[in-house]
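Listing of work_5.cif; format and content: mmCIF, C-alpha atoms.
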```
data_coords
#
loop_
_atom_site.label_atom_id
_atom_site.label_comp_id
_atom_site.auth_asym_id
_atom_site.auth_seq_id
_atom_site.Cartn_x
_atom_site.Cartn_y
_atom_site.Cartn_z
CA MET A 1 85.87 52.34 -24.63
CA ASP A 2 83.58 50.84 -22.05
CA LEU A 3 80.19 52.05 -20.93
CA VAL A 4 81.38 53.76 -17.74
CA ASP A 5 84.05 55.71 -19.64
CA ARG A 6 81.51 56.81 -22.20
CA TYR A 7 79.04 57.90 -19.56
CA VAL A 8 81.64 59.85 -17.62
CA ALA A 9 82.95 61.45 -20.81
CA ALA A 10 79.39 62.54 -21.62
CA VAL A 11 79.05 64.17 -18.20
CA LYS A 12 82.43 65.83 -18.57
CA ARG A 13 81.42 67.61 -21.76
CA HIS A 14 78.79 69.58 -19.82
CA LEU A 15 81.02 70.62 -16.92
CA PRO A 16 82.92 73.88 -16.58
CA ALA A 17 86.54 73.30 -17.68
CA THR A 18 88.04 74.27 -14.32
CA MET A 19 86.24 71.56 -12.37
CA GLN A 20 86.00 68.82 -15.01
CA ASP A 21 88.81 66.54 -13.85
CA ASP A 22 87.98 66.81 -10.20
CA ILE A 23 84.31 65.95 -10.63
CA VAL A 24 84.94 63.25 -13.21
CA ASN A 25 87.52 61.46 -11.03
CA GLU A 26 85.17 61.49 -8.07
CA LEU A 27 82.18 60.36 -10.12
CA THR A 28 84.20 57.57 -11.75
CA ASP A 29 85.26 56.33 -8.33
CA ASP A 30 81.66 56.38 -7.10
CA ILE A 31 80.43 54.39 -10.10
CA LEU A 32 83.26 51.86 -9.96
CA SER A 33 82.80 51.41 -6.20
CA GLN A 34 79.13 50.73 -6.71
CA ILE A 35 79.84 48.25 -9.51
CA ARG A 36 82.41 46.51 -7.34
CA ASP A 37 79.94 46.27 -4.42
CA LYS A 38 77.32 44.72 -6.70
CA GLU A 39 79.83 42.30 -8.17
CA ASP A 40 80.96 41.27 -4.69
CA ALA A 41 77.35 40.66 -3.69
CA LEU A 42 76.63 38.64 -6.83
CA GLY A 43 79.98 36.87 -6.92
CA ARG A 44 80.37 37.53 -10.64
CA PRO A 45 81.13 40.45 -12.96
CA LEU A 46 78.22 42.64 -14.10
CA GLY A 47 77.02 42.21 -17.65
CA GLU A 48 76.71 45.14 -20.02
CA SER A 49 72.95 45.47 -19.54
CA GLU A 50 73.40 45.49 -15.76
CA GLN A 51 76.01 48.20 -16.05
CA GLU A 52 73.68 50.13 -18.28
CA ALA A 53 70.86 49.85 -15.74
CA LEU A 54 73.20 51.07 -13.01
CA LEU A 55 74.34 54.06 -15.07
CA LYS A 56 70.76 54.97 -15.88
CA GLN A 57 70.19 55.45 -12.16
CA TYR A 58 72.79 58.22 -12.26
CA GLY A 59 70.54 60.01 -14.72
CA HIS A 60 71.07 61.84 -17.96
CA PRO A 61 74.67 63.09 -18.24
CA TYR A 62 73.55 66.64 -18.93
CA LEU A 63 71.22 66.74 -15.93
CA LEU A 64 73.85 65.25 -13.66
CA ALA A 65 76.40 67.83 -14.80
CA ARG A 66 73.92 70.64 -14.37
CA ARG A 67 73.61 69.95 -10.68
CA TYR A 68 77.22 70.98 -10.16
CA ARG A 69 76.58 74.44 -11.58
CA PRO A 70 75.21 77.25 -9.50
CA GLN A 71 71.72 78.28 -10.46
CA GLN A 72 72.02 80.89 -13.18
CA SER A 73 69.47 83.33 -14.51
CA LEU A 74 69.62 86.63 -16.31
CA ILE A 75 66.83 88.22 -14.27
CA GLY A 76 66.67 86.67 -10.81
CA PRO A 77 63.53 86.19 -8.72
CA THR A 78 64.30 89.33 -6.66
CA LEU A 79 64.27 91.67 -9.65
CA PHE A 80 61.71 89.91 -11.81
CA PRO A 81 58.60 91.52 -10.21
CA PHE A 82 60.07 94.95 -11.04
CA TYR A 83 61.48 93.98 -14.39
CA PHE A 84 58.36 92.44 -15.90
CA PRO A 85 55.76 95.23 -15.31
CA ASP A 86 58.41 97.79 -16.27
CA LEU A 87 59.04 95.99 -19.52
CA THR A 88 55.39 95.72 -20.45
CA HIS A 89 54.72 99.30 -19.32
CA HIS A 90 57.32 100.72 -21.69
CA HIS A 91 56.83 98.40 -24.60
CA GLY A 92 53.25 97.32 -24.15
CA GLN A 93 51.54 94.84 -26.35
CA GLY A 94 54.60 94.06 -28.45
CA VAL A 95 56.53 92.66 -25.54
CA ARG A 96 53.59 90.64 -24.34
CA ARG A 97 53.23 89.13 -27.80
CA HIS A 98 56.96 88.51 -27.94
CA LEU A 99 56.91 86.74 -24.58
CA SER A 100 54.00 84.55 -25.53
CA VAL A 101 55.75 83.57 -28.77
CA GLY A 102 58.81 82.84 -26.65
CA SER A 103 56.87 80.57 -24.33
CA LEU A 104 55.30 78.83 -27.31
CA VAL A 105 58.73 78.13 -28.80
CA HIS A 106 59.87 76.94 -25.40
CA GLN A 107 56.93 74.58 -25.18
CA VAL A 108 57.65 73.14 -28.63
CA VAL A 109 61.33 72.63 -27.77
CA LYS A 110 60.31 70.90 -24.58
CA GLU A 111 57.93 68.60 -26.41
CA VAL A 112 60.67 67.63 -28.84
CA ALA A 113 63.45 67.33 -26.29
CA TYR A 114 61.52 65.46 -23.63
CA ASP A 115 60.27 62.12 -24.76
CA ASP A 116 57.05 60.88 -23.23
CA GLY A 117 58.72 57.53 -22.61
CA SER A 118 55.75 55.51 -23.80
CA ASP A 119 57.77 53.70 -26.44
CA ASP A 120 60.95 53.58 -24.45
CA SER A 121 61.09 49.94 -23.54
CA SER A 122 64.75 50.12 -22.57
CA ALA A 123 64.10 52.36 -19.57
CA THR A 124 64.21 50.19 -16.49
CA SER A 125 61.46 50.61 -13.98
CA SER A 126 63.98 50.73 -11.16
CA GLY A 127 65.73 53.62 -12.90
CA ARG A 128 62.54 55.59 -13.16
CA CYS A 129 61.39 54.82 -9.70
CA ARG A 130 64.68 55.93 -8.26
CA SER A 131 64.68 59.09 -10.33
CA THR A 132 61.38 60.27 -9.01
CA ALA A 133 62.07 59.15 -5.49
CA MET A 134 65.51 60.51 -4.91
CA THR A 135 67.38 62.25 -7.65
CA LYS A 136 65.10 65.24 -7.58
CA ASP A 137 66.55 66.53 -4.34
CA SER A 138 68.70 69.14 -5.92
CA ILE A 139 66.75 69.48 -9.16
CA ALA A 140 63.96 70.93 -7.07
CA SER A 141 66.21 73.80 -6.14
CA ASP A 142 66.66 74.59 -9.82
CA SER A 143 63.94 76.14 -11.88
CA ASN A 144 60.79 74.09 -11.80
CA ASP A 145 60.75 74.07 -15.54
CA GLY A 146 60.57 70.57 -16.95
CA GLN A 147 60.97 69.12 -13.51
CA ALA A 148 57.98 66.90 -13.89
CA THR A 149 59.13 65.54 -17.21
CA TRP A 150 62.88 65.17 -16.93
CA THR A 151 62.73 61.78 -15.30
CA ARG A 152 61.25 60.48 -18.51
CA LEU A 153 63.96 62.01 -20.62
CA ARG A 154 65.30 59.54 -23.13
CA PRO A 155 69.06 59.43 -22.73
CA PRO A 156 70.50 59.70 -26.26
CA PHE A 157 73.75 58.56 -24.73
CA PHE A 158 72.43 55.04 -24.51
CA ALA A 159 71.14 54.91 -28.05
CA VAL A 160 72.99 52.20 -29.92
CA MET B 1 49.16 67.64 -9.34
CA ASP B 2 48.67 67.12 -5.59
CA ALA B 3 51.45 64.57 -5.69
CA GLU B 4 53.74 67.15 -7.26
CA ILE B 5 52.95 69.73 -4.60
CA PHE B 6 53.62 67.18 -1.91
CA GLU B 7 56.87 66.16 -3.57
CA ASN B 8 58.14 69.74 -3.62
CA LEU B 9 57.20 70.27 0.00
CA ARG B 10 58.88 67.03 0.94
CA LEU B 11 62.10 68.01 -0.84
CA GLU B 12 62.07 71.42 0.79
CA LEU B 13 61.68 69.83 4.20
CA ARG B 14 64.37 67.29 3.44
CA ARG B 15 67.02 69.65 2.09
CA GLY B 16 68.15 71.15 5.38
CA CYS B 17 67.98 67.77 7.10
CA LEU B 18 70.35 66.30 4.51
CA ILE B 19 72.88 69.03 5.19
CA LEU B 20 72.65 68.36 8.90
CA GLY B 21 73.10 64.62 8.33
CA VAL B 22 76.07 65.09 6.00
CA LEU B 23 77.85 67.52 8.33
CA ALA B 24 77.29 65.29 11.35
CA GLU B 25 78.52 62.17 9.55
CA LEU B 26 81.67 64.03 8.49
CA LYS B 27 82.88 64.45 12.05
CA ALA B 28 84.78 61.35 10.94
CA GLU B 29 86.58 61.40 7.62
CA HIS B 30 84.90 59.66 4.68
CA HIS B 31 85.19 59.54 0.92
CA GLY B 32 82.01 60.21 -0.99
CA TYR B 33 80.90 56.66 -1.62
CA ALA B 34 81.59 55.55 1.96
CA LEU B 35 79.68 58.57 3.22
CA ARG B 36 76.73 57.68 1.04
CA LYS B 37 76.77 54.12 2.33
CA ALA B 38 77.12 55.23 5.95
CA LEU B 39 74.15 57.59 5.64
CA ALA B 40 72.05 54.99 3.81
CA GLY B 41 72.91 52.49 6.53
CA ARG B 42 71.32 54.83 9.05
CA GLY B 43 68.26 55.26 6.87
CA LEU B 44 69.18 58.53 5.16
CA VAL B 45 69.36 57.65 1.47
CA ILE B 46 71.01 60.38 -0.60
CA ASP B 47 71.83 59.91 -4.26
CA GLU B 48 75.17 60.82 -5.77
CA GLY B 49 73.70 63.59 -7.93
CA THR B 50 72.69 65.35 -4.73
CA LEU B 51 75.57 64.43 -2.48
CA TYR B 52 78.59 65.45 -4.56
CA PRO B 53 77.37 68.92 -5.55
CA LEU B 54 76.38 69.44 -1.89
CA LEU B 55 79.85 68.41 -0.70
CA ARG B 56 81.44 70.87 -3.13
CA ARG B 57 79.20 73.63 -1.92
CA LEU B 58 79.89 72.94 1.75
CA GLU B 59 83.59 72.86 1.01
CA SER B 60 83.48 76.16 -0.86
CA GLN B 61 81.68 77.61 2.16
CA GLY B 62 84.60 76.53 4.33
CA LEU B 63 82.63 73.99 6.35
CA LEU B 64 84.46 70.97 4.94
CA VAL B 65 88.02 70.22 3.93
CA SER B 66 88.97 67.55 1.45
CA GLU B 67 92.04 65.84 0.10
CA TRP B 68 92.76 63.28 -2.59
CA ARG B 69 94.37 60.09 -1.31
CA GLU B 70 94.86 56.59 -2.56
CA GLU B 71 92.81 53.76 -1.08
CA ASP B 72 92.34 50.28 -2.56
CA ARG B 73 94.63 51.32 -5.42
CA ARG B 74 92.24 54.07 -6.45
CA ASN B 75 92.38 57.80 -5.87
CA LYS B 76 89.57 58.96 -3.64
CA ARG B 77 88.61 62.30 -2.26
CA PHE B 78 88.25 62.32 1.52
CA TYR B 79 86.10 64.88 3.28
CA ARG B 80 85.87 65.96 6.90
CA LEU B 81 84.52 68.86 8.92
CA SER B 82 86.70 71.95 9.20
CA THR B 83 87.01 73.82 12.48
CA GLU B 84 84.42 76.25 11.21
CA GLY B 85 82.25 73.33 10.15
CA ARG B 86 82.33 71.94 13.68
CA GLN B 87 81.10 75.22 15.12
CA THR B 88 78.41 75.53 12.49
CA LEU B 89 77.28 71.96 13.10
CA LYS B 90 76.97 72.66 16.81
CA GLN B 91 74.80 75.71 16.12
CA LEU B 92 72.69 73.80 13.62
CA ILE B 93 72.12 70.96 16.06
CA GLY B 94 70.93 73.51 18.63
CA GLU B 95 68.58 74.95 16.04
CA TRP B 96 67.35 71.50 15.06
CA GLN B 97 66.60 70.59 18.68
CA ALA B 98 64.72 73.83 19.25
CA ILE B 99 62.59 73.26 16.14
CA ASN B 100 62.02 69.67 17.12
CA THR B 101 60.89 70.61 20.62
CA SER B 102 58.49 73.28 19.38
CA LEU B 103 57.08 71.13 16.62
CA SER B 104 56.52 68.14 18.83
CA ARG B 105 54.40 70.42 21.01
CA ILE B 106 52.46 71.61 17.96
CA LEU B 107 52.05 68.41 15.99
#
```
Encoding of this model in structure tokens:
Amino acid sequence: MDLVDRYVAAVKRHLPATMQDDIVNELTDDILSQIRDKEDALGRPLGESEQEALLKQYGHPYLLARRYRPQQSLIGPTLFPFYFPDLTHHHGQGVRRHLSVGSLVHQVVKEVAYDDGSDDSSATSSGRCRSTAMTKDSIASDSNDGQATWTRLRPPFFAV
Amino acid sequence: MDAEIFENLRLELRRGCLILGVLAELKAEHHGYALRKALAGRGLVIDEGTLYPLLRRLESQGLLVSEWREEDRRNKRFYRLSTEGRQTLKQLIGEWQAINTSLSRIL
């Protein structure tokens, strides 16, 4: 199975079942068209490392898939200002402690899940540059959480 | 930190402009990759992770119609403005021009 198939399959796993095929077919066509354009320009087929660099520009499969989903949250921004004081009013200190433990756990998970990229020699500079410059367009409409760090996410998909 | 604030403001400013650009370019029919190239050719670079979800959203809002067709021996999805999309685009262009006029007086 070649690299493009593996990448697309990894994206597919994170998509809602009803739209999987549609999105995957379109994405595959986009990737193959781009590869073909590059090959035409170079006058030779792309090597595996060049394909890998190209796929890295598409970003982590999970993050790419996430952009097709509507933003989801249990308590939306409209209700949150009412929800939060109400919660702490009724349950006081316990809830506050609970929430701070929650945010601590969240922080730890983030630290583990998001690599700082310092030892990631395989990440191409063009990939990173592009991520920060352009791929954040729709990420910014998601929660801001982890937004600053996701571009440095190590893609386990590429691990050999 | 300042860079991050700027980046968020920039993306906010850009978001509506992208929609306007995509709708306007789809007065003629394009598949996704050709659309991306056409926009980039005019200086509006939009990455695939932004474009395809946006196209789906605009289609679900009834502003675009799409169909799968074969081209170059590959199946591609072609998008174009719907009748409703044309009307909306016209209104948005009016809005854009009004904003532009006011802002050029202010800036």
Written as a PyMOL selection string, what is the full residue list that the PyMOL selection byres ((chain B) within 6 of (chain A)) yields on the file shown?
chain B and resi 11+33+49-50+53
Enter the distance from atom CA of Leu104 of chain A to atom CA of Leu9 of chain B, in Å, rounded to one decimal.
28.7 Å
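For the residues B:Leu26, B:Leu20, B:Leu64, B:Ala34, ranking by smallest atom-to-atom distance to Lys76 of chain B using only C-alpha atoms places B:Ala34 first.
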For atom CA of Cys17 of chain B and atom CA of Ile93 of chain B, the interatomic separation in Å (one decimal):
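Calculated distance between atom CA of Cys17 of chain B and atom CA of Ile93 of chain B is 10.4 Å.
Picture a line from atom CA of Ser49 of chain A to atom CA of Ala9 of chain A; it runs 18.9 Å.
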Pick the closest to Leu35 of chain B from B:Leu89, B:Leu51, B:Ala3, B:Ile106: which is it, counting only C-alpha atoms?
B:Leu51
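When you apply the PyMOL selection byres ((chain B and resi 30) around 10) to this structure, what comes back is Glu25, Leu26, Lys27, Ala28, Glu29, His31, Gly32, Tyr33, Ala34, Leu35, Arg36, Ala38, Ser66, Lys76, Arg77, Phe78, Tyr79 and Arg80 of chain B.
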Distance cut-off 12 Å, centre (85.0, 76.4, 4.9) in file coordinates, counting all atoms listed in the file: which residues qualify? Return them as a ChimeraX atom specification.
/B:23,55-66,79-88
Take the selection from the previous step and output its residues with C-alpha atoms, as a PDB file, in the frame of the given file.
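Ended up saving to part.pdb:
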```pdb
ATOM      1  CA  LEU B  23      77.850  67.520   8.330  1.00  0.00           C
ATOM      2  CA  LEU B  55      79.850  68.410  -0.700  1.00  0.00           C
ATOM      3  CA  ARG B  56      81.440  70.870  -3.130  1.00  0.00           C
ATOM      4  CA  ARG B  57      79.200  73.630  -1.920  1.00  0.00           C
ATOM      5  CA  LEU B  58      79.890  72.940   1.750  1.00  0.00           C
ATOM      6  CA  GLU B  59      83.590  72.860   1.010  1.00  0.00           C
ATOM      7  CA  SER B  60      83.480  76.160  -0.860  1.00  0.00           C
ATOM      8  CA  GLN B  61      81.680  77.610   2.160  1.00  0.00           C
ATOM      9  CA  GLY B  62      84.600  76.530   4.330  1.00  0.00           C
ATOM     10  CA  LEU B  63      82.630  73.990   6.350  1.00  0.00           C
ATOM     11  CA  LEU B  64      84.460  70.970   4.940  1.00  0.00           C
ATOM     12  CA  VAL B  65      88.020  70.220   3.930  1.00  0.00           C
ATOM     13  CA  SER B  66      88.970  67.550   1.450  1.00  0.00           C
ATOM     14  CA  TYR B  79      86.100  64.880   3.280  1.00  0.00           C
ATOM     15  CA  ARG B  80      85.870  65.960   6.900  1.00  0.00           C
ATOM     16  CA  LEU B  81      84.520  68.860   8.920  1.00  0.00           C
ATOM     17  CA  SER B  82      86.700  71.950   9.200  1.00  0.00           C
ATOM     18  CA  THR B  83      87.010  73.820  12.480  1.00  0.00           C
ATOM     19  CA  GLU B  84      84.420  76.250  11.210  1.00  0.00           C
ATOM     20  CA  GLY B  85      82.250  73.330  10.150  1.00  0.00           C
ATOM     21  CA  ARG B  86      82.330  71.940  13.680  1.00  0.00           C
ATOM     22  CA  GLN B  87      81.100  75.220  15.120  1.00  0.00           C
ATOM     23  CA  THR B  88      78.410  75.530  12.490  1.00  0.00           C
TER      24      THR B  88
END
```
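Nearest to Ala24 of chain B of all the residues B:Leu54, B:Leu92, B:Asn75, B:Ile5 is B:Leu92, counting all atoms listed in the file.
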Generate the missing atoms of segment 37-60 of chain A up to N, CA, C and O atoms and report them as a short mmCIF file (atom, residue, chain, number, x, y, z; two decimals), in the coordinates of the input.
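File produced: part-v9.cif:
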```
data_model
loop_
_atom_site.label_atom_id
_atom_site.label_comp_id
_atom_site.auth_asym_id
_atom_site.auth_seq_id
_atom_site.Cartn_x
_atom_site.Cartn_y
_atom_site.Cartn_z
N ASP A 37 80.81 46.76 -5.50
CA ASP A 37 79.94 46.27 -4.42
C ASP A 37 78.92 45.26 -4.96
O ASP A 37 78.67 44.23 -4.36
N LYS A 38 78.33 45.61 -6.12
CA LYS A 38 77.32 44.72 -6.70
C LYS A 38 77.96 43.41 -7.12
O LYS A 38 77.38 42.34 -6.93
N GLU A 39 79.16 43.52 -7.71
CA GLU A 39 79.83 42.30 -8.17
C GLU A 39 80.21 41.41 -6.99
O GLU A 39 80.09 40.19 -7.07
N ASP A 40 80.63 42.05 -5.89
CA ASP A 40 80.96 41.27 -4.69
C ASP A 40 79.73 40.54 -4.17
O ASP A 40 79.79 39.39 -3.76
N ALA A 41 78.59 41.25 -4.20
CA ALA A 41 77.35 40.66 -3.69
C ALA A 41 76.91 39.49 -4.57
O ALA A 41 76.42 38.48 -4.08
N LEU A 42 77.08 39.67 -5.90
CA LEU A 42 76.63 38.64 -6.83
C LEU A 42 77.65 37.52 -7.00
O LEU A 42 77.33 36.41 -7.42
N GLY A 43 78.91 37.84 -6.71
CA GLY A 43 79.98 36.87 -6.92
C GLY A 43 80.34 36.65 -8.37
O GLY A 43 80.89 35.62 -8.74
N ARG A 44 80.00 37.63 -9.21
CA ARG A 44 80.37 37.53 -10.64
C ARG A 44 80.40 38.94 -11.23
O ARG A 44 79.81 39.86 -10.64
N PRO A 45 81.10 39.13 -12.36
CA PRO A 45 81.13 40.45 -12.96
C PRO A 45 79.76 40.86 -13.53
O PRO A 45 78.98 39.98 -13.92
N LEU A 46 79.49 42.16 -13.54
CA LEU A 46 78.22 42.64 -14.10
C LEU A 46 78.25 42.57 -15.62
O LEU A 46 79.27 42.83 -16.24
N GLY A 47 77.14 42.19 -16.20
CA GLY A 47 77.02 42.21 -17.65
C GLY A 47 76.78 43.62 -18.14
O GLY A 47 76.54 44.52 -17.35
N GLU A 48 76.85 43.79 -19.46
CA GLU A 48 76.71 45.14 -20.02
C GLU A 48 75.34 45.75 -19.71
O GLU A 48 75.23 46.92 -19.38
N SER A 49 74.29 44.91 -19.78
CA SER A 49 72.95 45.47 -19.54
C SER A 49 72.78 45.85 -18.07
O SER A 49 72.08 46.80 -17.74
N GLU A 50 73.46 45.14 -17.19
CA GLU A 50 73.40 45.49 -15.76
C GLU A 50 74.15 46.79 -15.49
O GLU A 50 73.71 47.63 -14.71
N GLN A 51 75.28 46.94 -16.17
CA GLN A 51 76.01 48.20 -16.05
C GLN A 51 75.18 49.36 -16.57
O GLN A 51 75.16 50.44 -16.00
N GLU A 52 74.51 49.09 -17.67
CA GLU A 52 73.68 50.13 -18.28
C GLU A 52 72.57 50.55 -17.31
O GLU A 52 72.31 51.74 -17.12
N ALA A 53 71.94 49.56 -16.68
CA ALA A 53 70.86 49.85 -15.74
C ALA A 53 71.39 50.68 -14.57
O ALA A 53 70.76 51.63 -14.10
N LEU A 54 72.59 50.34 -14.13
CA LEU A 54 73.20 51.07 -13.01
C LEU A 54 73.48 52.52 -13.40
O LEU A 54 73.20 53.45 -12.65
N LEU A 55 74.01 52.69 -14.63
CA LEU A 55 74.34 54.06 -15.07
C LEU A 55 73.08 54.89 -15.26
O LEU A 55 73.08 56.09 -15.02
N LYS A 56 72.01 54.22 -15.68
CA LYS A 56 70.76 54.97 -15.88
C LYS A 56 70.28 55.56 -14.56
O LYS A 56 69.62 56.60 -14.55
N GLN A 57 70.60 54.90 -13.46
CA GLN A 57 70.19 55.45 -12.16
C GLN A 57 70.90 56.76 -11.86
O GLN A 57 70.42 57.56 -11.07
N TYR A 58 72.07 56.96 -12.46
CA TYR A 58 72.79 58.22 -12.26
C TYR A 58 72.13 59.36 -13.04
O TYR A 58 72.41 60.52 -12.81
N GLY A 59 71.29 58.99 -13.98
CA GLY A 59 70.54 60.01 -14.72
C GLY A 59 71.24 60.47 -15.98
O GLY A 59 72.37 60.08 -16.28
N HIS A 60 70.55 61.30 -16.72
CA HIS A 60 71.07 61.84 -17.96
C HIS A 60 72.35 62.63 -17.69
O HIS A 60 72.37 63.44 -16.76
#
```
